[in-house]
Structures are given as C-alpha cells and as structure tokens.
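**Student:** my_file02.tsv (TSV, C-alpha atoms and all ligand atoms) pasted underneath:
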```tsv
chain	number	residue	atom	x	y	z
A	189	MET	CA	75.80	98.88	90.02
A	190	THR	CA	77.02	95.81	88.19
A	191	GLN	CA	80.11	94.30	89.74
A	192	THR	CA	83.07	93.33	87.63
A	193	PRO	CA	85.67	90.98	89.10
A	194	VAL	CA	88.85	92.84	90.00
A	195	GLN	CA	91.06	90.68	87.77
A	196	SER	CA	89.24	92.00	84.71
A	197	TRP	CA	90.43	95.56	85.38
A	198	LEU	CA	93.59	95.12	87.49
A	199	PHE	CA	96.16	92.58	86.36
A	200	PRO	CA	99.88	91.89	86.02
A	201	THR	CA	101.64	92.66	82.74
A	202	SER	CA	105.30	92.46	81.81
A	203	GLU	CA	105.63	96.09	82.88
A	204	GLY	CA	103.95	95.50	86.23
A	205	LEU	CA	100.53	95.66	87.87
A	206	TYR	CA	98.19	97.56	85.50
A	207	CYS	CA	94.84	99.23	86.09
A	208	GLU	CA	93.25	99.11	82.65
A	209	PRO	CA	90.35	101.58	82.96
A	210	GLY	CA	92.67	104.12	84.63
A	211	GLN	CA	95.56	103.33	82.27
A	212	PHE	CA	98.17	103.45	85.01
A	213	PHE	CA	100.71	101.08	86.52
A	214	ILE	CA	101.46	100.64	90.19
A	215	ASP	CA	105.19	100.45	90.95
A	216	PRO	CA	106.04	99.53	87.33
A	217	ARG	CA	109.35	97.77	86.75
A	218	THR	CA	110.16	100.08	83.85
A	219	SER	CA	109.33	103.61	82.72
A	220	VAL	CA	105.67	104.01	81.65
A	221	ASP	CA	103.27	106.82	80.75
A	222	ARG	CA	101.44	106.84	84.08
A	223	ALA	CA	102.95	105.44	87.27
A	224	VAL	CA	101.48	105.34	90.77
A	225	ILE	CA	104.33	104.81	93.24
A	226	THR	CA	103.84	103.27	96.69
A	227	HIS	CA	107.20	104.35	98.14
A	228	GLY	CA	110.73	105.45	97.32
A	229	HIS	CA	112.70	102.17	97.47
A	230	SER	CA	114.41	101.68	94.15
A	231	ASP	CA	112.64	98.44	93.22
A	232	HIS	CA	109.25	100.19	93.55
A	233	ALA	CA	110.11	103.70	92.37
A	234	ARG	CA	111.79	103.50	88.97
A	235	ALA	CA	113.05	106.52	87.09
A	236	ASN	CA	111.79	108.14	83.89
A	237	SER	CA	108.05	107.59	83.86
A	238	ARG	CA	106.11	110.34	82.07
A	239	ALA	CA	103.61	111.11	84.86
A	240	VAL	CA	104.24	110.11	88.47
A	241	LEU	CA	101.73	110.06	91.30
A	242	GLY	CA	102.62	109.43	94.94
A	243	THR	CA	102.77	111.14	98.32
A	244	ALA	CA	104.78	114.37	98.48
A	245	GLU	CA	107.44	112.54	100.52
A	246	THR	CA	107.79	109.75	97.97
A	247	ILE	CA	108.14	112.30	95.19
A	248	ALA	CA	110.80	114.14	97.22
A	249	VAL	CA	112.74	110.89	97.70
A	250	MET	CA	112.55	110.14	93.96
A	251	LYS	CA	113.80	113.61	93.07
A	252	ALA	CA	116.65	113.34	95.58
A	253	ARG	CA	117.72	109.99	94.15
A	254	TYR	CA	117.13	110.45	90.43
A	255	GLY	CA	117.28	114.20	89.85
A	256	GLU	CA	116.01	115.11	86.38
A	257	ALA	CA	115.29	111.47	85.58
A	258	ALA	CA	112.77	111.12	88.42
A	259	GLY	CA	109.91	111.66	85.99
A	260	GLY	CA	108.24	114.02	83.53
A	261	SER	CA	105.50	115.43	85.72
A	262	PHE	CA	104.48	114.84	89.31
A	263	GLN	CA	101.25	114.81	91.21
A	264	ALA	CA	101.34	114.62	95.00
A	265	LEU	CA	98.36	113.12	96.74
A	266	ALA	CA	97.91	113.47	100.50
A	267	TYR	CA	96.84	110.45	102.55
A	268	GLY	CA	93.08	110.05	102.45
A	269	GLU	CA	92.49	112.42	99.54
A	270	THR	CA	90.46	110.83	96.73
A	271	LEU	CA	91.22	111.28	93.07
A	272	THR	CA	89.23	109.99	90.12
A	273	ILE	CA	91.27	108.86	87.12
A	274	ASP	CA	89.15	107.93	84.10
A	275	GLY	CA	86.40	106.78	86.42
A	276	VAL	CA	88.66	104.83	88.78
A	277	SER	CA	88.67	106.16	92.32
A	278	LEU	CA	92.15	106.21	93.84
A	279	ARG	CA	93.37	107.10	97.29
A	280	LEU	CA	96.58	106.59	99.25
A	281	VAL	CA	96.63	105.42	102.85
A	282	PRO	CA	99.68	104.95	105.11
A	283	ALA	CA	101.57	101.66	104.76
A	284	GLY	CA	103.82	102.17	107.80
A	285	HIS	CA	106.88	101.01	105.81
A	286	ILE	CA	109.05	104.15	105.38
A	287	LEU	CA	108.41	107.90	105.26
A	288	GLY	CA	105.73	108.63	102.65
A	289	SER	CA	104.93	104.97	101.97
A	290	ALA	CA	101.37	104.34	100.88
A	291	GLN	CA	98.91	101.61	100.07
A	292	VAL	CA	96.95	102.30	96.90
A	293	VAL	CA	93.17	101.89	97.30
A	294	LEU	CA	91.35	101.50	93.98
A	295	GLU	CA	87.61	101.30	93.40
A	296	TRP	CA	85.94	100.53	90.13
A	297	ALA	CA	82.65	98.99	89.15
A	298	GLY	CA	81.66	98.33	92.74
A	299	LYS	CA	84.82	96.47	93.77
A	300	ARG	CA	87.73	97.59	95.88
A	301	ALA	CA	91.36	96.52	95.61
A	302	VAL	CA	94.13	97.50	98.01
A	303	ILE	CA	97.72	97.32	96.76
A	304	SER	CA	99.75	97.48	99.93
A	305	GLY	CA	103.26	97.92	98.53
A	306	ASP	CA	105.67	97.06	101.34
A	307	TYR	CA	104.17	97.47	104.80
A	308	LYS	CA	104.52	96.81	108.49
A	309	ARG	CA	102.10	97.05	111.40
A	310	GLU	CA	104.63	98.01	114.07
A	311	ALA	CA	104.92	101.66	115.15
A	312	ASP	CA	107.72	103.67	113.54
A	313	PRO	CA	108.54	107.23	114.68
A	314	THR	CA	109.62	108.19	111.14
A	315	CYS	CA	106.36	107.48	109.32
A	316	ALA	CA	102.59	107.37	109.61
A	317	GLY	CA	101.21	104.11	111.00
A	318	PHE	CA	99.69	101.40	108.79
A	319	GLU	CA	95.97	101.86	108.16
A	320	LEU	CA	93.77	98.87	107.50
A	321	VAL	CA	91.29	99.15	104.63
A	322	THR	CA	88.91	96.27	104.00
A	323	CYS	CA	88.60	95.22	100.37
A	324	ASP	CA	87.66	92.55	97.82
A	325	VAL	CA	91.22	91.93	96.64
A	326	PHE	CA	94.25	92.55	98.84
A	327	VAL	CA	97.64	92.68	97.13
A	328	THR	CA	100.48	91.86	99.51
A	329	GLU	CA	104.20	91.22	99.49
A	330	ALA	CA	105.72	88.18	101.19
A	331	THR	CA	109.35	89.15	101.79
A	332	PHE	CA	109.23	87.46	105.19
A	333	GLY	CA	106.46	85.01	104.30
A	334	LEU	CA	107.61	82.04	106.37
A	335	PRO	CA	106.53	81.17	109.93
A	336	VAL	CA	110.16	81.36	111.10
A	337	PHE	CA	110.18	85.13	110.62
A	338	HIS	CA	109.32	87.09	113.71
A	339	HIS	CA	110.54	90.67	114.04
A	340	GLU	CA	111.33	92.11	117.44
A	341	PRO	CA	110.17	95.55	118.60
A	342	ALA	CA	112.75	98.06	117.37
A	343	GLU	CA	113.08	99.63	120.85
A	344	LYS	CA	114.06	96.30	122.35
A	345	GLU	CA	116.77	95.77	119.75
A	346	ALA	CA	118.03	99.37	120.03
A	347	ARG	CA	118.36	98.83	123.80
A	348	ARG	CA	120.65	95.87	123.13
A	349	LEU	CA	122.85	98.17	121.05
A	350	LEU	CA	123.01	100.76	123.85
A	351	ALA	CA	123.83	98.06	126.40
A	352	SER	CA	126.71	96.85	124.25
A	353	LEU	CA	127.98	100.41	123.87
A	354	ASN	CA	127.95	100.78	127.64
A	355	MET	CA	129.84	97.56	128.14
A	356	MET	CA	132.45	98.17	125.44
A	357	PRO	CA	133.08	101.92	125.25
A	358	GLU	CA	136.46	101.33	123.61
A	359	ARG	CA	134.85	99.96	120.47
A	360	THR	CA	133.15	101.86	117.67
A	361	HIS	CA	129.67	100.41	117.18
A	362	LEU	CA	129.26	100.18	113.42
A	363	LEU	CA	125.57	99.81	112.67
A	364	GLY	CA	124.64	98.53	109.23
A	365	ALA	CA	121.20	99.59	108.08
A	366	TYR	CA	119.44	100.04	104.75
A	367	SER	CA	120.01	103.69	103.84
A	368	LEU	CA	116.38	104.62	103.10
A	369	GLY	CA	114.01	104.02	105.98
A	370	LYS	CA	115.80	101.63	108.30
A	371	ALA	CA	118.71	103.99	109.00
A	372	GLN	CA	116.44	106.90	109.93
A	373	ARG	CA	114.17	104.64	111.96
A	374	MET	CA	117.08	103.30	114.01
A	375	ILE	CA	118.29	106.85	114.70
A	376	ALA	CA	114.79	107.99	115.72
A	377	VAL	CA	114.30	105.00	118.02
A	378	LEU	CA	117.69	105.61	119.68
A	379	ARG	CA	116.62	109.24	120.24
A	380	GLU	CA	113.33	108.09	121.76
A	381	LEU	CA	115.34	105.97	124.19
A	382	GLY	CA	117.21	109.09	125.27
A	383	TYR	CA	120.45	108.62	123.32
A	384	GLU	CA	121.55	112.20	122.69
A	385	ARG	CA	125.15	111.88	121.55
A	386	PRO	CA	125.92	112.72	117.91
A	387	ILE	CA	125.44	109.79	115.55
A	388	TYR	CA	128.07	109.48	112.84
A	389	LEU	CA	127.20	108.75	109.23
A	390	HIS	CA	128.93	106.99	106.37
A	391	GLY	CA	128.94	109.39	103.40
A	392	ALA	CA	126.27	107.36	101.57
A	393	MET	CA	123.82	107.98	104.43
A	394	VAL	CA	124.06	111.75	104.51
A	395	SER	CA	121.70	112.90	101.75
A	396	LEU	CA	118.69	110.77	102.72
A	397	CYS	CA	119.08	111.61	106.42
A	398	THR	CA	119.19	115.30	105.49
A	399	LEU	CA	116.07	114.85	103.35
A	400	TYR	CA	114.21	113.22	106.25
A	401	GLN	CA	115.16	116.16	108.46
A	402	GLN	CA	113.96	118.61	105.79
A	403	LEU	CA	110.68	116.70	105.65
A	404	GLY	CA	110.22	117.23	109.38
A	405	VAL	CA	111.57	114.04	110.96
A	406	SER	CA	113.85	115.00	113.86
A	407	LEU	CA	116.99	112.89	114.08
A	408	GLY	CA	119.17	114.91	116.46
A	409	THR	CA	122.81	115.70	115.73
A	410	LEU	CA	124.26	113.77	112.80
A	411	ILE	CA	127.89	114.13	111.72
A	412	PRO	CA	129.42	112.65	108.58
A	413	VAL	CA	132.42	110.46	109.46
A	414	TYR	CA	134.55	112.40	106.96
A	415	GLU	CA	133.97	115.54	109.05
A	416	ALA	CA	134.95	113.85	112.30
A	417	GLY	CA	138.66	114.45	111.56
A	418	GLY	CA	141.22	111.98	112.82
A	419	ASP	CA	138.84	110.77	115.51
A	420	ARG	CA	138.47	106.99	115.44
A	421	LEU	CA	135.11	107.29	117.16
A	422	ALA	CA	135.61	104.85	120.03
A	423	GLY	CA	132.38	104.43	121.95
A	424	GLU	CA	130.29	106.12	119.26
A	425	ILE	CA	127.60	104.83	116.94
A	426	VAL	CA	128.48	104.96	113.24
A	427	LEU	CA	125.77	104.22	110.71
A	428	ALA	CA	126.71	102.69	107.37
A	429	PRO	CA	124.97	100.92	104.50
A	430	PRO	CA	125.19	97.11	104.85
A	431	SER	CA	127.63	96.89	101.94
A	432	ALA	CA	130.17	99.00	103.87
A	433	LEU	CA	130.22	96.86	107.01
A	434	ASN	CA	133.20	94.76	106.08
A	435	ASP	CA	135.00	96.87	103.52
A	436	ARG	CA	138.19	98.86	103.85
A	437	TRP	CA	136.28	101.95	104.85
A	438	SER	CA	135.53	100.52	108.30
A	439	ARG	CA	139.19	99.93	109.17
A	440	ARG	CA	139.64	103.58	110.07
A	441	LEU	CA	137.34	103.07	113.05
A	442	ALA	CA	138.45	102.07	116.55
A	443	ASP	CA	138.10	98.27	116.86
A	444	PRO	CA	134.71	98.29	115.09
A	445	LEU	CA	131.99	96.06	116.47
A	446	THR	CA	129.68	95.10	113.63
A	447	VAL	CA	125.95	95.48	114.24
A	448	PHE	CA	123.28	94.87	111.60
A	449	ALA	CA	119.61	95.79	111.82
A	450	SER	CA	117.58	93.59	109.47
A	451	GLY	CA	114.73	91.14	109.41
A	452	TRP	CA	117.18	88.64	107.93
A	453	MET	CA	119.09	88.65	111.23
A	454	ARG	CA	116.49	86.13	112.43
A	455	VAL	CA	118.49	83.63	110.37
A	456	ARG	CA	121.73	82.94	112.23
A	457	GLY	CA	123.59	81.85	109.11
A	458	ARG	CA	123.01	85.22	107.50
A	459	ALA	CA	124.51	87.05	110.47
A	460	ARG	CA	127.52	84.73	110.51
A	461	GLN	CA	128.02	85.11	106.78
A	462	ARG	CA	128.27	88.87	107.13
A	463	GLY	CA	130.50	88.67	110.20
A	464	VAL	CA	127.90	90.44	112.33
A	465	GLU	CA	128.73	90.39	116.04
A	466	LEU	CA	125.49	91.96	117.21
A	467	PRO	CA	122.52	91.06	114.99
A	468	LEU	CA	119.40	93.17	115.58
A	469	VAL	CA	116.15	91.70	114.28
A	470	VAL	CA	114.45	94.86	113.04
A	471	SER	CA	112.49	95.05	109.82
A	472	ASP	CA	110.35	97.56	107.96
A	473	HIS	CA	108.35	94.69	106.45
A	474	ALA	CA	105.56	92.69	108.03
A	475	ASP	CA	106.71	89.45	109.65
A	476	TRP	CA	104.75	86.20	109.19
A	477	GLU	CA	102.27	87.03	111.90
A	478	GLY	CA	101.83	90.56	110.53
A	479	LEU	CA	101.16	89.24	107.01
A	480	VAL	CA	98.62	86.66	108.17
A	481	GLN	CA	96.88	89.06	110.56
A	482	THR	CA	96.58	91.72	107.85
A	483	ILE	CA	95.22	89.24	105.31
A	484	ILE	CA	92.55	88.12	107.78
A	485	GLU	CA	91.60	91.66	108.78
A	486	SER	CA	91.43	92.86	105.17
A	487	GLU	CA	88.38	90.58	104.78
A	488	ALA	CA	89.43	90.14	101.16
A	489	GLU	CA	88.12	87.00	99.51
A	490	GLU	CA	91.13	87.00	97.24
A	491	ILE	CA	94.75	87.76	98.09
A	492	TRP	CA	97.40	88.34	95.46
A	493	VAL	CA	101.04	87.95	96.43
A	494	THR	CA	103.52	90.07	94.46
A	495	HIS	CA	106.92	88.70	95.52
A	496	GLY	CA	108.87	86.97	98.26
A	497	ARG	CA	107.91	83.63	99.82
A	498	ASP	CA	104.65	83.50	97.90
A	499	ASP	CA	104.48	79.66	98.00
A	500	ALA	CA	104.28	79.50	101.79
A	501	LEU	CA	101.91	82.44	102.08
A	502	VAL	CA	99.55	81.25	99.35
A	503	HIS	CA	99.38	77.88	101.11
A	504	GLN	CA	98.48	79.62	104.38
A	505	ILE	CA	95.84	81.73	102.62
A	506	GLY	CA	94.20	78.54	101.39
A	507	LYS	CA	94.13	77.20	104.95
A	508	LEU	CA	92.32	80.40	105.96
A	509	GLY	CA	89.63	79.61	103.40
A	510	ARG	CA	90.57	82.45	101.05
A	511	ARG	CA	91.81	82.36	97.49
A	512	GLY	CA	95.52	83.09	97.17
A	513	ARG	CA	97.28	83.82	93.92
A	514	ALA	CA	101.01	84.28	93.33
A	515	LEU	CA	101.55	87.08	90.84
A	516	ALA	CA	105.30	86.46	90.87
A	517	LEU	CA	105.97	89.98	89.65
A	518	VAL	CA	109.55	90.30	88.57
A	519	GLY	CA	111.76	93.23	89.46
A	520	TYR	CA	111.14	93.35	93.19
A	521	GLU	CA	114.13	92.41	95.25
A	522	ASP	CA	114.49	91.39	98.83
A	523	GLU	CA	115.76	94.79	99.74
A	524	ASP	CA	118.97	94.65	101.71
A	525	GLU	CA	116.60	95.45	104.47
B	601	ZN	ZN	110.31	98.93	100.36
B	602	ZN	ZN	109.95	96.06	98.24
```
Just dump the structure as structure tokens.
**Tutor:**
Amino acid sequence: MTQTPVQSWLFPTSEGLYCEPGQFFIDPRTSVDRAVITHGHSDHARANSRAVLGTAETIAVMKARYGEAAGGSFQALAYGETLTIDGVSLRLVPAGHILGSAQVVLEWAGKRAVISGDYKREADPTCAGFELVTCDVFVTEATFGLPVFHHEPAEKEARRLLASLNMMPERTHLLGAYSLGKAQRMIAVLRELGYERPIYLHGAMVSLCTLYQQLGVSLGTLIPVYEAGGDRLAGEIVLAPPSALNDRWSRRLADPLTVFASGWMRVRGRARQRGVELPLVVSDHADWEGLVQTIIESEAEEIWVTHGRDDALVHQIGKLGRRGRALALVGYEDEDE
C-alpha cells in the first residue's frame, strides 16, 4: 500500500482538526456536519453538530448538558470497536481523563494517527485507564507542559484532606473541584479510602454526580446542601465548583476551610490568589513527566501539540529527536481543572 503522510489527510482548519477523506472533525470548536468527540468537557464537546460520534458516556454527558442542542444524530462507539468512515478506519480507546473519555485512533493509507484529547496515565476509579497505542503521528495537549508540573497521587492528596478534617472537626471543609470529572474522582477516591459519611454538594454539582451514578460509578451518599436544612455542616465535606469557593454562597457554612483540587495548585501563587488554605495537587491531565513518557512510548516520529504550553513541549520533543509541531488550535481552554 502506498503511504501518504498524515498531514495530507489530517490537518487543522479554522473549525478544528479535520480528517479530509472521512469528512469529519475531531472536537471541532464550532458546530459541523460530522463531529467525533473525545470527551464531554465543554471546550471539546460543542453543541449543535449534525452528526456526533463518541462513547455512550460522552454522548450522555452532552445530552445532560445541552439537551436538544447536543446534536442532530448520535452514534455511540464502544472502546476498541472499529468503524470505517469513507475508507478511514476509526476506533476509540480509553484516555483515562474523565468518564467516557477517548483517544481517537485513525488509520488511512497505511499511516496511523492518535488524537489523544485530554489524558492522564494515573489510575482513576471513575474511568477506564489510559491505553497506549503506537502510531506515526501522536496528537497531544500540553496543559501542564512545563517541567515544574508534577501531579501527586490523588489518594495521597485525599488523605491530607481527611487528616485536616480530623484535626479541625469544627470547620466545614469546602472542596473546590471542576464539576465534570474531578469532583466525581475526588468523591470516589475518598470512598476508596473508607470515608463513608455523606458528602454534601453545591447545587451545580448535583446533575453530573447523578449522571455518573446512573452510568454505574458508585459515589456513596450525596446530599445537596440545599436539602441539608439549617445545618451548617461543621466537620463535613462540601463539594463546590471552583467559582463558588469564595462567593456569598459559602458564608452559610460553619467556618469554611477552603480546599482546592487542581493541577494548578502546584503553583503557590495560584493557591494564594484564590485564598485556598489546603491546596491539593490533583489533576485529570498528564503532568510533564506523563506527557514526555507518553510521547516516547507512542513511538511517533511526529508529535502535534494542540494547546497549552506547546513551546516548552515542542522544544523537549526536539531534544528527544522527534519532530514536534504546535498546532495552536484555538478554542481549548485551560479548564478550571
Ligand atoms: Zn478535558
Ligand atoms: Zn481540554
């Protein structure tokens, strides 16, 4: 079979990464005819595309968030199942990022590209573990693409939270966490460590936690704060989106101690800025070591970087003797992760 370089059939456009022979976009930044979605975070899963392909869990998340606007038609693909779209072979493999998250493996004209979406290598009780697929072109993010970023094991950080709770039972422990993925992961890790008390939820957390439970992820007893009555929840864990940590909402709680679980908590200034008393360095993205390790193991001769600290990572890729290319795709944010 003649081999055609990947960049002749997979390339960035203003709408996002486009597979020309298959006529579909991966995580397009706008609505398109055919979208393949890696996972449900809002900067990857946009509303209103005509046809949407993703894992069943990703489709469920999109429907929960967007309702009717989630898309025109949906096709769920299980991990490992292969589909051929206009001659392009496509399969989804676990990315280990959040429930349902997938890497997109494309093969055409004898070459293989892997578009990893967001990913992490660390175990996560709420989703399938990252699977490595070797390829010719590996497409990676670089949210934490600087050597300073090192994420701690989530269990270790959750233990610090439980220790603080033990020491200060008069204070409500208000845990800020991104509402899709991180929140459910923190709950599941606390459960694994044997924490069985109810965990209280800010109203904005309820629907996605319920969806996770419906999709088979056990999270124990969860109670919305608005159902907890006049209780000021001293000594309890209350989960809230990061934006709610310092707003008026939190003043109802008993002497709240602010905790924040995020990869950004590696940077002391960021924790200070947000008034975080107990920063937990937990991320659903690969840290520097995870990025570099994955790039090496992918055996790809070419690595494309979608967003984040692409300058530092592309430099490192060059030092590894591979070709790095910054796609600088717009529309992806550093999730409030
Ligand atoms: Zn994401
Ligand atoms: Zn992302």
**Student:** Which residues, written as a list in words, have at least one atom at most 12 Å from A:Pro430, with all atoms listed in the file counted and residues fewer than 4 positions away on the same chain left out?
**Tutor:** Leu362, Leu363, Gly364, Ala365, Tyr366, Ser367, Leu368, Lys370, Ala371, His390, Ala392, Met393, Val426, Asn434, Asp435, Ser438, Thr446, Val447, Phe448, Ala449, Ser450, Ala459, Arg462, Gly463, Val464, Glu523, Asp524 and Glu525 of chain A
**Student:** Between A:Ile491, A:Met374, A:Ala239, A:Leu294, which has the minimum distance to A:Tyr206 (counting all atoms listed in the file)?
**Tutor:** A:Leu294
**Student:** Produce as a list in words the set of residues near ligand ZN 602 (chain B), where near means within 10 Å with all atoms listed in the file considered.
**Tutor:**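 Answer in the requested format: Asp215, Thr226, His227, Gly228, His229, Ser230, Asp231, His232, Ala233, His285, Gly305, Asp306, Tyr307, Glu329, Ala330, Thr331, Asp472, His473, Thr494, His495, Gly496, Gly519, Tyr520, Glu521, Asp522, Glu523, Asp524 and Glu525 of chain A.
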**Student:** Kindly indicate which residue among A:Pro357, A:Gly259, A:Pro216, A:Gly284 lies nearest to ligand ZN 601 (chain B), using all atoms listed in the file for the distances.
**Tutor:**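 Ranked by minimum distance to ligand ZN 601 (chain B), first place goes to A:Gly284.
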**Student:** Using all atoms listed in the file, find the one residue out of A:Val405, A:Ala283, A:Leu517, A:Ile387 that sits nearest to ligand ZN 601 (chain B).
**Tutor:**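 Looking at the shortest contact to ligand ZN 601 (chain B), the residue is A:Ala283.
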**Student:** Between A:Cys323, A:Ala474, A:Ala442, A:Leu389, which one has atoms that come closest to ligand ZN 601 (chain B), using only C-alpha atoms and all ligand atoms?
**Tutor:**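 Smallest distance to ligand ZN 601 (chain B) is found for A:Ala474.
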**Student:** By how many Å are atom CA of A:Leu265 and atom CA of A:Ala244 apart?
**Tutor:**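 Distance between the two atoms: 6.8 Å.
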**Student:** Using all atoms listed in the file, what residues lie at most 6 Å away from (109.5, 109.7, 106.2) (file coordinates), given as a PyMOL selection string?
**Tutor:** chain A and resi 286-288+314-315+400
**Student:** Just the number, please: distance in Å from atom CA of A:Ile425 to atom CA of A:Ala351, one decimal.
**Tutor:**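 Distance reported for this atom pair: 12.2 Å.
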**Student:** Find the residues with any atom within 10 Å of (94.9, 80.8, 96.0); use all atoms listed in the file and the coordinates as given in the file, and write the answer as a ChimeraX atom specification.
**Tutor:** /A:489-493,499,501-507,509-514
**Student:** How many Å lie between atom CA of A:Ala235 and atom CA of A:Leu399, rounded to one decimal?
**Tutor:** 18.5 Å
**Student:** Point out the residue among A:Arg420, A:Lys308, A:Arg454, A:Arg348 with the least atom-to-atom distance to ligand ZN 601 (chain B), counting all atoms listed in the file.
**Tutor:**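 Smallest separation from ligand ZN 601 (chain B) among the options: A:Lys308.
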**Student:** Rank nothing, just name the residue among A:Thr270, A:Gln211, A:Ser261, A:Gln291 nearest to ligand ZN 601 (chain B), using all atoms listed in the file.
**Tutor:**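 Smallest distance to ligand ZN 601 (chain B) is found for A:Gln291.
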**Student:** Tell me which protein, DNA and RNA residues are within 12 Å of A:Ile273, counting only C-alpha atoms, leaving out same-chain ones fewer than 2 positions away, and put them as a PyMOL selection string.
**Tutor:** chain A and resi 207-212+222+224+241+270-271+275-279+294-296
**Student:** Show me, as a list of chain:residue names, the residues that have an atom within 9 Å of A:Gly242 when counting only C-alpha atoms, minus same-chain residues fewer than 3 positions from it.
**Tutor:**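 Neighbouring residues, sequence-local ones excluded: A:Ala223, A:Val224, A:Ile225, A:Thr226, A:His227, A:Glu245, A:Thr246, A:Ile247, A:Phe262, A:Gln263, A:Ala264, A:Leu265, A:Ala266, A:Leu280, A:Gly288, A:Ser289, A:Ala290.
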